[in-house]
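Asker: Contents of run19.cif (mmCIF, C-alpha atoms) are given next:
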```
data_protein
loop_
_atom_site.group_PDB
_atom_site.id
_atom_site.type_symbol
_atom_site.label_atom_id
_atom_site.label_comp_id
_atom_site.auth_asym_id
_atom_site.auth_seq_id
_atom_site.Cartn_x
_atom_site.Cartn_y
_atom_site.Cartn_z
ATOM 1 C CA MET O 16 0.000 0.000 0.000
ATOM 2 C CA ALA O 17 2.852 2.341 0.932
ATOM 3 C CA ASP O 18 4.550 1.464 -2.355
ATOM 4 C CA SER O 19 1.470 2.307 -4.384
ATOM 5 C CA ALA O 20 1.157 5.626 -2.529
ATOM 6 C CA ALA O 21 4.796 6.394 -3.333
ATOM 7 C CA GLU O 22 4.212 5.437 -6.982
ATOM 8 C CA ALA O 23 1.198 7.734 -7.106
ATOM 9 C CA ARG O 24 3.285 10.591 -5.696
ATOM 10 C CA ILE O 25 5.964 10.065 -8.353
ATOM 11 C CA ASP O 26 3.263 10.085 -11.060
ATOM 12 C CA GLN O 27 1.776 13.268 -9.635
ATOM 13 C CA ALA O 28 5.181 14.977 -9.596
ATOM 14 C CA LEU O 29 5.757 14.029 -13.237
ATOM 15 C CA VAL O 30 2.276 15.198 -14.195
ATOM 16 C CA THR O 31 2.904 18.548 -12.482
ATOM 17 C CA ARG O 32 6.141 18.996 -14.448
ATOM 18 C CA ILE O 33 4.217 18.469 -17.684
ATOM 19 C CA GLN O 34 1.324 20.695 -16.689
ATOM 20 C CA LEU O 35 3.635 23.549 -15.709
ATOM 21 C CA GLY O 36 6.227 23.396 -18.441
ATOM 22 C CA GLY O 37 5.185 20.822 -21.044
ATOM 23 C CA ASP O 38 8.163 18.665 -20.016
ATOM 24 C CA ARG O 39 8.451 15.904 -22.649
ATOM 25 C CA ARG O 40 11.003 13.955 -20.592
ATOM 26 C CA ALA O 41 8.551 13.753 -17.707
ATOM 27 C CA PHE O 42 5.938 12.402 -20.089
ATOM 28 C CA GLU O 43 8.427 9.872 -21.447
ATOM 29 C CA GLN O 44 8.977 8.657 -17.899
ATOM 30 C CA LEU O 45 5.229 8.341 -17.395
ATOM 31 C CA VAL O 46 4.921 6.327 -20.599
ATOM 32 C CA ARG O 47 7.761 4.028 -19.513
ATOM 33 C CA ARG O 48 6.132 3.523 -16.130
ATOM 34 C CA HIS O 49 2.664 2.695 -17.449
ATOM 35 C CA GLN O 50 2.933 1.384 -21.011
ATOM 36 C CA GLY O 51 3.309 -2.221 -19.838
ATOM 37 C CA MET O 52 0.024 -2.378 -17.974
ATOM 38 C CA VAL O 53 -1.908 -0.251 -20.473
ATOM 39 C CA ARG O 54 -0.782 -2.509 -23.318
ATOM 40 C CA ALA O 55 -1.544 -5.616 -21.264
ATOM 41 C CA GLN O 56 -5.033 -4.276 -20.528
ATOM 42 C CA LEU O 57 -5.637 -3.538 -24.214
ATOM 43 C CA ARG O 58 -4.253 -6.889 -25.353
ATOM 44 C CA ARG O 59 -6.685 -8.647 -23.049
ATOM 45 C CA LEU O 60 -9.558 -6.494 -24.242
ATOM 46 C CA SER O 61 -8.523 -7.064 -27.882
ATOM 47 C CA ARG O 62 -8.340 -10.845 -27.328
ATOM 48 C CA GLY O 63 -4.603 -10.961 -27.878
ATOM 49 C CA ASP O 64 -4.502 -8.848 -31.047
ATOM 50 C CA GLU O 65 -1.150 -7.256 -30.248
ATOM 51 C CA ALA O 66 -1.009 -4.883 -33.223
ATOM 52 C CA ALA O 67 -4.495 -3.491 -32.569
ATOM 53 C CA ALA O 68 -3.759 -3.220 -28.857
ATOM 54 C CA ASP O 69 -0.524 -1.309 -29.483
ATOM 55 C CA ASP O 70 -2.280 1.084 -31.869
ATOM 56 C CA LEU O 71 -4.868 1.753 -29.170
ATOM 57 C CA ALA O 72 -2.119 2.167 -26.566
ATOM 58 C CA GLN O 73 -0.441 4.759 -28.774
ATOM 59 C CA GLU O 74 -3.752 6.578 -29.160
ATOM 60 C CA THR O 75 -4.265 6.388 -25.396
ATOM 61 C CA PHE O 76 -0.953 8.073 -24.603
ATOM 62 C CA MET O 77 -1.475 10.702 -27.318
ATOM 63 C CA LEU O 78 -4.841 11.575 -25.769
ATOM 64 C CA ALA O 79 -3.264 11.643 -22.316
ATOM 65 C CA TRP O 80 -0.589 14.047 -23.585
ATOM 66 C CA ARG O 81 -3.162 16.380 -25.124
ATOM 67 C CA ASN O 82 -5.534 16.290 -22.165
ATOM 68 C CA LEU O 83 -3.132 16.236 -19.253
ATOM 69 C CA ASP O 84 -4.353 19.665 -18.131
ATOM 70 C CA LYS O 85 -7.703 18.036 -17.404
ATOM 71 C CA PHE O 86 -6.157 15.522 -14.995
ATOM 72 C CA ARG O 87 -6.985 16.924 -11.567
ATOM 73 C CA GLY O 88 -5.718 14.026 -9.458
ATOM 74 C CA GLU O 89 -9.178 12.855 -8.394
ATOM 75 C CA ALA O 90 -8.059 9.319 -9.306
ATOM 76 C CA ARG O 91 -4.640 7.699 -9.569
ATOM 77 C CA PHE O 92 -2.851 8.575 -12.805
ATOM 78 C CA SER O 93 -2.745 4.891 -13.767
ATOM 79 C CA SER O 94 -6.536 4.625 -13.341
ATOM 80 C CA TRP O 95 -6.965 7.741 -15.474
ATOM 81 C CA LEU O 96 -4.862 6.100 -18.208
ATOM 82 C CA TYR O 97 -6.792 2.811 -17.983
ATOM 83 C CA ARG O 98 -10.002 4.779 -18.324
ATOM 84 C CA ILE O 99 -8.753 6.502 -21.485
ATOM 85 C CA ALA O 100 -7.531 3.147 -22.832
ATOM 86 C CA TYR O 101 -10.876 1.482 -22.146
ATOM 87 C CA THR O 102 -12.718 4.367 -23.826
ATOM 88 C CA CYS O 103 -10.403 4.106 -26.866
ATOM 89 C CA PHE O 104 -11.087 0.375 -27.013
ATOM 90 C CA LEU O 105 -14.857 0.905 -26.853
ATOM 91 C CA GLN O 106 -14.726 3.528 -29.592
ATOM 92 C CA ALA O 107 -12.585 1.346 -31.837
ATOM 93 C CA ASN O 108 -14.725 -1.743 -31.236
ATOM 94 C CA ARG O 109 -18.306 -0.678 -31.521
ATOM 95 C CA THR O 110 -19.197 -4.327 -31.872
ATOM 96 C CA PRO O 111 -19.427 -5.981 -28.453
ATOM 97 C CA MET O 112 -16.765 -8.311 -27.056
ATOM 98 C CA ARG O 113 -17.174 -11.935 -28.035
ATOM 99 C CA HIS O 114 -19.486 -13.790 -25.752
ATOM 100 C CA ASP O 115 -19.684 -17.497 -26.590
ATOM 101 C CA PRO O 116 -23.114 -18.962 -26.031
ATOM 102 C CA LEU O 117 -23.179 -21.567 -23.321
ATOM 103 C CA ASN O 118 -24.028 -25.077 -24.440
ATOM 104 C CA ASP O 119 -23.926 -28.558 -22.951
ATOM 105 C CA GLU O 120 -21.013 -29.679 -25.080
ATOM 106 C CA THR O 121 -18.844 -26.825 -23.870
ATOM 107 C CA MET O 122 -19.795 -27.504 -20.282
ATOM 108 C CA GLU O 123 -18.927 -31.157 -20.719
ATOM 109 C CA GLN O 124 -15.521 -30.224 -22.083
ATOM 110 C CA LEU O 125 -14.920 -27.899 -19.158
ATOM 111 C CA GLN O 126 -15.803 -30.589 -16.668
ATOM 112 C CA ALA O 127 -13.552 -33.249 -18.118
ATOM 113 C CA PRO O 128 -10.113 -32.686 -16.603
ATOM 114 C CA ILE O 129 -7.300 -34.498 -18.381
ATOM 115 C CA HIS O 130 -4.191 -32.531 -17.421
ATOM 116 C CA ALA O 131 -3.919 -29.770 -14.874
ATOM 117 C CA ALA O 132 -2.046 -27.742 -17.513
ATOM 118 C CA ASP O 133 -5.291 -27.483 -19.475
ATOM 119 C CA LEU O 134 -6.850 -25.581 -16.617
ATOM 120 C CA GLN O 135 -5.709 -22.218 -17.967
ATOM 121 C CA LEU O 136 -7.220 -23.015 -21.368
ATOM 122 C CA ASP O 137 -10.486 -23.988 -19.770
ATOM 123 C CA LEU O 138 -10.433 -20.851 -17.662
ATOM 124 C CA GLU O 139 -9.930 -18.829 -20.843
ATOM 125 C CA ARG O 140 -12.913 -20.547 -22.456
ATOM 126 C CA ALA O 141 -15.015 -20.163 -19.339
ATOM 127 C CA MET O 142 -14.145 -16.449 -19.207
ATOM 128 C CA ARG O 143 -15.482 -16.022 -22.738
ATOM 129 C CA GLN O 144 -18.806 -17.419 -21.653
ATOM 130 C CA LEU O 145 -19.253 -14.704 -19.080
ATOM 131 C CA SER O 146 -21.159 -11.594 -20.038
ATOM 132 C CA GLU O 147 -19.085 -8.698 -21.429
ATOM 133 C CA ALA O 148 -19.496 -6.715 -18.242
ATOM 134 C CA GLU O 149 -18.401 -9.646 -16.087
ATOM 135 C CA GLN O 150 -15.355 -10.187 -18.306
ATOM 136 C CA VAL O 151 -14.162 -6.586 -18.135
ATOM 137 C CA VAL O 152 -14.823 -6.326 -14.406
ATOM 138 C CA LEU O 153 -12.856 -9.512 -13.696
ATOM 139 C CA LEU O 154 -10.055 -8.342 -15.993
ATOM 140 C CA HIS O 155 -9.663 -5.086 -14.101
ATOM 141 C CA CYS O 156 -10.366 -6.313 -10.559
ATOM 142 C CA ALA O 157 -9.084 -9.875 -10.358
ATOM 143 C CA GLN O 158 -6.379 -9.795 -13.016
ATOM 144 C CA MET O 159 -5.034 -6.241 -13.064
ATOM 145 C CA GLY O 160 -5.485 -5.880 -9.322
ATOM 146 C CA LEU O 161 -7.581 -2.718 -9.243
ATOM 147 C CA SER O 162 -9.896 -2.105 -6.327
ATOM 148 C CA HIS O 163 -13.623 -2.152 -6.997
ATOM 149 C CA GLU O 164 -13.651 1.646 -6.688
ATOM 150 C CA GLU O 165 -10.852 2.026 -9.222
ATOM 151 C CA ALA O 166 -12.527 -0.421 -11.614
ATOM 152 C CA ALA O 167 -15.779 1.528 -11.295
ATOM 153 C CA TYR O 168 -13.903 4.704 -12.263
ATOM 154 C CA VAL O 169 -12.091 3.064 -15.184
ATOM 155 C CA LEU O 170 -15.187 1.343 -16.588
ATOM 156 C CA GLY O 171 -17.602 4.181 -15.829
ATOM 157 C CA MET O 172 -19.881 1.840 -13.861
ATOM 158 C CA PRO O 173 -21.557 2.342 -10.493
ATOM 159 C CA LEU O 174 -19.596 0.725 -7.662
ATOM 160 C CA GLY O 175 -22.470 -1.629 -6.781
ATOM 161 C CA THR O 176 -22.653 -2.853 -10.368
ATOM 162 C CA VAL O 177 -18.933 -3.604 -10.401
ATOM 163 C CA LYS O 178 -19.222 -5.594 -7.175
ATOM 164 C CA THR O 179 -22.211 -7.508 -8.502
ATOM 165 C CA HIS O 180 -20.470 -8.393 -11.783
ATOM 166 C CA ALA O 181 -17.333 -9.481 -9.918
ATOM 167 C CA THR O 182 -19.265 -11.707 -7.547
ATOM 168 C CA ARG O 183 -21.476 -13.214 -10.254
ATOM 169 C CA GLY O 184 -18.588 -13.732 -12.646
ATOM 170 C CA LYS O 185 -16.514 -15.543 -10.063
ATOM 171 C CA ALA O 186 -19.480 -17.636 -8.934
ATOM 172 C CA LYS O 187 -20.073 -18.761 -12.529
ATOM 173 C CA LEU O 188 -16.400 -19.594 -13.045
ATOM 174 C CA LYS O 189 -16.399 -21.559 -9.795
ATOM 175 C CA ALA O 190 -19.421 -23.539 -10.867
ATOM 176 C CA TRP O 191 -18.122 -24.230 -14.371
ATOM 177 C CA LEU O 192 -14.664 -25.155 -13.181
ATOM 178 C CA SER O 193 -15.793 -27.105 -10.136
ATOM 179 C CA ASP O 194 -14.132 -30.307 -11.367
ATOM 180 C CA TRP O 195 -10.873 -28.462 -11.638
ATOM 181 C CA ARG O 196 -10.971 -27.105 -8.129
ATOM 182 C CA ASP O 197 -8.879 -29.838 -6.573
ATOM 183 C CA ALA O 198 -6.273 -29.679 -9.301
ATOM 184 C CA SER O 199 -6.023 -25.897 -9.105
ATOM 185 C CA MET O 200 -5.757 -25.938 -5.343
ATOM 186 C CA LYS O 201 -2.870 -28.413 -5.623
ATOM 187 C CA GLU O 202 -1.133 -26.252 -8.244
ATOM 188 C CA ILE O 203 -1.526 -23.067 -6.266
ATOM 189 C CA SER O 204 -0.371 -24.630 -2.992
ATOM 190 C CA MET K 8 -6.861 -4.087 -3.817
ATOM 191 C CA ASN K 9 -9.700 -6.521 -3.757
ATOM 192 C CA GLU K 10 -10.907 -8.111 -0.621
ATOM 193 C CA SER K 11 -10.958 -11.708 -1.837
ATOM 194 C CA HIS K 12 -7.434 -12.488 -3.010
ATOM 195 C CA ASP K 13 -7.473 -15.762 -1.092
ATOM 196 C CA ASP K 14 -10.172 -17.092 -3.431
ATOM 197 C CA PRO K 15 -8.798 -19.880 -5.711
ATOM 198 C CA ILE K 16 -10.590 -18.319 -8.680
ATOM 199 C CA ASP K 17 -8.843 -15.017 -7.942
ATOM 200 C CA ALA K 18 -5.518 -16.814 -7.815
ATOM 201 C CA LEU K 19 -6.250 -18.579 -11.111
ATOM 202 C CA LEU K 20 -7.277 -15.362 -12.804
ATOM 203 C CA ARG K 21 -4.159 -13.562 -11.582
ATOM 204 C CA ARG K 22 -1.995 -16.391 -12.886
ATOM 205 C CA GLN K 23 -3.746 -16.266 -16.241
ATOM 206 C CA PHE K 24 -2.940 -12.556 -16.639
ATOM 207 C CA GLU K 25 0.425 -12.196 -18.358
ATOM 208 C CA GLY K 26 1.300 -8.961 -16.554
ATOM 209 C CA PRO K 27 2.945 -5.830 -17.985
ATOM 210 C CA VAL K 28 4.133 -5.990 -21.591
ATOM 211 C CA ALA K 29 7.854 -5.370 -22.179
ATOM 212 C CA ASN K 30 8.654 -1.944 -23.639
ATOM 213 C CA ASP K 31 10.432 -3.210 -26.813
ATOM 214 C CA GLY K 32 10.816 0.275 -28.262
ATOM 215 C CA PHE K 33 7.188 1.289 -27.719
ATOM 216 C CA THR K 34 8.077 4.389 -25.697
ATOM 217 C CA GLU K 35 10.698 5.525 -28.217
ATOM 218 C CA ARG K 36 8.276 5.137 -31.150
ATOM 219 C CA LEU K 37 5.582 7.014 -29.266
ATOM 220 C CA MET K 38 7.880 9.872 -28.289
ATOM 221 C CA GLN K 39 8.953 10.294 -31.927
ATOM 222 C CA HIS K 40 5.353 10.951 -32.925
ATOM 223 C CA LEU K 41 4.424 13.082 -29.948
ATOM 224 C CA PRO K 42 3.161 16.473 -31.154
ATOM 225 C CA SER K 43 4.204 19.700 -29.480
ATOM 226 C CA ARG K 44 2.008 20.542 -26.564
ATOM 227 C CA ARG K 45 -0.563 23.247 -27.192
ATOM 228 C CA ARG K 46 -0.519 25.724 -24.352
ATOM 229 C CA GLY K 47 -3.792 27.382 -23.467
ATOM 230 C CA THR K 48 -3.428 31.030 -24.486
ATOM 231 C CA ALA K 49 -4.927 33.713 -22.285
ATOM 232 C CA TRP K 50 -5.228 36.521 -24.824
ATOM 233 C CA PRO K 51 -8.680 35.526 -26.218
ATOM 234 C CA LEU K 52 -10.109 35.638 -22.690
ATOM 235 C CA TRP K 53 -8.653 39.043 -21.881
ATOM 236 C CA GLY K 54 -9.545 40.332 -25.340
ATOM 237 C CA GLY K 55 -13.147 39.264 -24.723
ATOM 238 C CA VAL K 56 -13.215 40.877 -21.289
ATOM 239 C CA LEU K 57 -11.860 44.195 -22.594
ATOM 240 C CA THR K 58 -14.171 44.208 -25.623
ATOM 241 C CA GLY K 59 -17.165 43.427 -23.407
ATOM 242 C CA ALA K 60 -16.234 46.163 -20.939
ATOM 243 C CA ALA K 61 -15.780 48.689 -23.757
ATOM 244 C CA ALA K 62 -19.124 47.702 -25.317
ATOM 245 C CA CYS K 63 -20.838 48.070 -21.925
ATOM 246 C CA TRP K 64 -19.257 51.458 -21.386
ATOM 247 C CA ILE K 65 -20.360 52.744 -24.805
ATOM 248 C CA CYS K 66 -23.932 51.443 -24.334
ATOM 249 C CA LEU K 67 -24.342 52.769 -20.799
ATOM 250 C CA ASP K 68 -22.533 56.080 -21.292
ATOM 251 C CA SER K 69 -25.761 57.806 -22.204
ATOM 252 C CA VAL K 70 -27.617 56.589 -19.072
ATOM 253 C CA PRO K 71 -27.635 59.474 -16.554
ATOM 254 C CA LEU K 72 -28.514 57.181 -13.621
ATOM 255 C CA LEU K 73 -25.110 55.495 -13.824
ATOM 256 C CA HIS K 74 -23.266 58.829 -13.952
ATOM 257 C CA LEU K 75 -25.233 59.932 -10.924
ATOM 258 C CA GLY K 76 -24.551 56.660 -9.084
ATOM 259 C CA TRP K 77 -20.859 56.778 -9.876
ATOM 260 C CA ARG K 78 -20.581 60.392 -8.705
ATOM 261 C CA ASP K 79 -22.429 59.602 -5.445
ATOM 262 C CA TRP K 80 -20.284 56.505 -4.933
ATOM 263 C CA LEU K 81 -17.063 58.519 -5.289
ATOM 264 C CA ALA K 82 -18.436 61.181 -2.915
ATOM 265 C CA GLY K 83 -19.229 58.462 -0.347
ATOM 266 C CA ASP K 84 -22.942 59.182 -0.552
ATOM 267 C CA LEU K 85 -25.000 55.970 -0.454
ATOM 268 C CA SER K 86 -27.829 57.204 -2.621
ATOM 269 C CA THR K 87 -30.318 54.877 -4.302
ATOM 270 C CA SER K 88 -28.499 55.120 -7.606
ATOM 271 C CA ALA K 89 -25.109 54.367 -5.933
ATOM 272 C CA ILE K 90 -26.542 51.315 -4.155
ATOM 273 C CA GLY K 91 -28.219 50.176 -7.377
ATOM 274 C CA MET K 92 -24.940 50.460 -9.242
ATOM 275 C CA ALA K 93 -23.087 48.545 -6.485
ATOM 276 C CA LEU K 94 -25.723 45.792 -6.546
ATOM 277 C CA LEU K 95 -25.429 45.599 -10.334
ATOM 278 C CA MET K 96 -21.648 45.186 -10.062
ATOM 279 C CA VAL K 97 -22.014 42.481 -7.389
ATOM 280 C CA ALA K 98 -24.568 40.622 -9.499
ATOM 281 C CA ILE K 99 -22.328 40.721 -12.583
ATOM 282 C CA SER K 100 -19.334 39.533 -10.507
ATOM 283 C CA LEU K 101 -21.340 36.634 -9.052
ATOM 284 C CA LEU K 102 -22.580 35.614 -12.479
ATOM 285 C CA SER K 103 -19.010 35.689 -13.822
ATOM 286 C CA CYS K 104 -17.800 33.538 -10.901
ATOM 287 C CA LEU K 105 -20.605 31.049 -11.450
ATOM 288 C CA TRP K 106 -19.859 30.858 -15.162
ATOM 289 C CA GLY K 107 -16.161 30.325 -14.442
ATOM 290 C CA LEU K 108 -16.913 27.541 -11.960
ATOM 291 C CA LEU K 109 -19.253 25.773 -14.360
ATOM 292 C CA GLU K 110 -16.729 26.038 -17.203
ATOM 293 C CA ASN K 111 -14.026 24.653 -14.948
ATOM 294 C CA ARG K 112 -16.188 21.708 -13.883
ATOM 295 C CA GLY K 113 -17.207 20.966 -17.468
ATOM 296 C CA SER K 114 -13.623 20.846 -18.788
#
```
Could the structure of this file be written out as structure tokens, please?
Answerer:
Amino acid sequence: MADSAAEARIDQALVTRIQLGGDRRAFEQLVRRHQGMVRAQLRRLSRGDEAAADDLAQETFMLAWRNLDKFRGEARFSSWLYRIAYTCFLQANRTPMRHDPLNDETMEQLQAPIHAADLQLDLERAMRQLSEAEQVVLLHCAQMGLSHEEAAYVLGMPLGTVKTHATRGKAKLKAWLSDWRDASMKEIS
Amino acid sequence: MNESHDDPIDALLRRQFEGPVANDGFTERLMQHLPSRRRGTAWPLWGGVLTGAAACWICLDSVPLLHLGWRDWLAGDLSTSAIGMALLMVAISLLSCLWGLLENRGS
């Protein structure tokens, strides 16, 4: 927690340097600090399309550069960037994220463990069967490690909705991957 | 951070996430295409203020009540016209403040 507070202070200092004097080096440092997670977020949202994700990441940082005067520090700088990135993604992909319809055959495949290594593949498939909202909430909360409040800010959703999607999404994954539970517990421990 | 990191599903999801992407020249490419930063210029605002004040002055110059109020105000006499003029100035100032606040919130 103390580390993240220190990181936020460094970001704020860099942002102030840009706001006061248009310091390009400070912006370069900000890009270096955050490009990894922004690109990872966009790659996940773009279903692994690295080229599209990097184009969106470039657009995200360009928008951040142009609109940095509007950043008032009401959220962490990283959350502000994720929000811009998510907005860029939504604008570029007016068609909704893929949501595979649930059918018995898929469920059967998910519940037939062969090797524990397949668990990640099954998790990936199970994730795709969640609703779009559940997928993006779990991406930001469970995978990227944002708090529910931060995810609500990034996704532009009410806090209660974020919590509901997170709980429902995880409950569905638990149910679908119930046969894997023992294997996963062994792997994690 | 989330409250339920001890959940096996949370642990699985975290493991599935690849984490930050390596830079691999991304920052350098971005910085090469970064445009110069447009600074907000103040002259249109002050130009507008001065033009508005001049227009007001020209329009109201022929109103004797304002001359009277201004003269009374300078003489320290709180006549009806002086109070009216002071109230008018306060109202305009408040409206300007409100406008500024709303603009600031909207940006």
Asker: Any idea which chain K residues end up within 8 Å of chain O if we count only C-alpha atoms, as a list in words please?
Answerer: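 The answer, sorted by residue number, is Met8, Asn9, His12, Pro15, Ile16, Asp17, Ala18, Leu19, Leu20, Arg21, Arg22, Gln23, Phe24, Glu25, Gly26, Pro27, Val28, Ala29, Asn30, Phe33, Thr34, Leu37, Met38, Leu41, Arg44, Arg45 and Ser114 of chain K.
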Asker: If I take CA of Ala89 (chain K) and CA of Val70 (chain K), how far is one from the other in Å, to one decimal?
Answerer: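 Distance reported for this atom pair: 13.6 Å.
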Asker: I need the residue nearest Ala79 (chain O) from this list: O:Ala141, O:Val30, O:Ala190, O:Ala67. Use only C-alpha atoms for the distance.
Answerer: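 Comparing O:Ala141, O:Val30, O:Ala190, O:Ala67 against Ala79 (chain O), the winner is O:Val30.
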Asker: If you measure from CA of Leu96 (chain O) to CA of Asp70 (chain O), what distance in Å do you get, rounded to one decimal?
Answerer: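 If I compute the distance from CA of Leu96 (chain O) to CA of Asp70 (chain O), I get 14.8 Å.
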Asker: In Å, how far is it from CA of Tyr101 (chain O) to CA of Arg62 (chain O)?
Answerer: 13.6 Å
Asker: When you count only C-alpha atoms, which of these residues is closest to Arg91 (chain O): O:Cys103, O:Ala68, O:Ile25, O:Ala41?
Answerer: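 Selected residue with least distance to Arg91 (chain O): O:Ile25.
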Asker: Would you please work out which residue, of K:Met92, K:Ala49, K:Leu101, K:Ala61, is nearest to Leu75 (chain K) when using all atoms listed in the file?
Answerer: K:Met92
Asker: For Pro42 (chain K), which residue among O:Asp18, O:Leu60, O:Leu78, O:His155 is the nearest when counting only C-alpha atoms?
Answerer: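 Closest to Pro42 (chain K), using only C-alpha atoms: O:Leu78.
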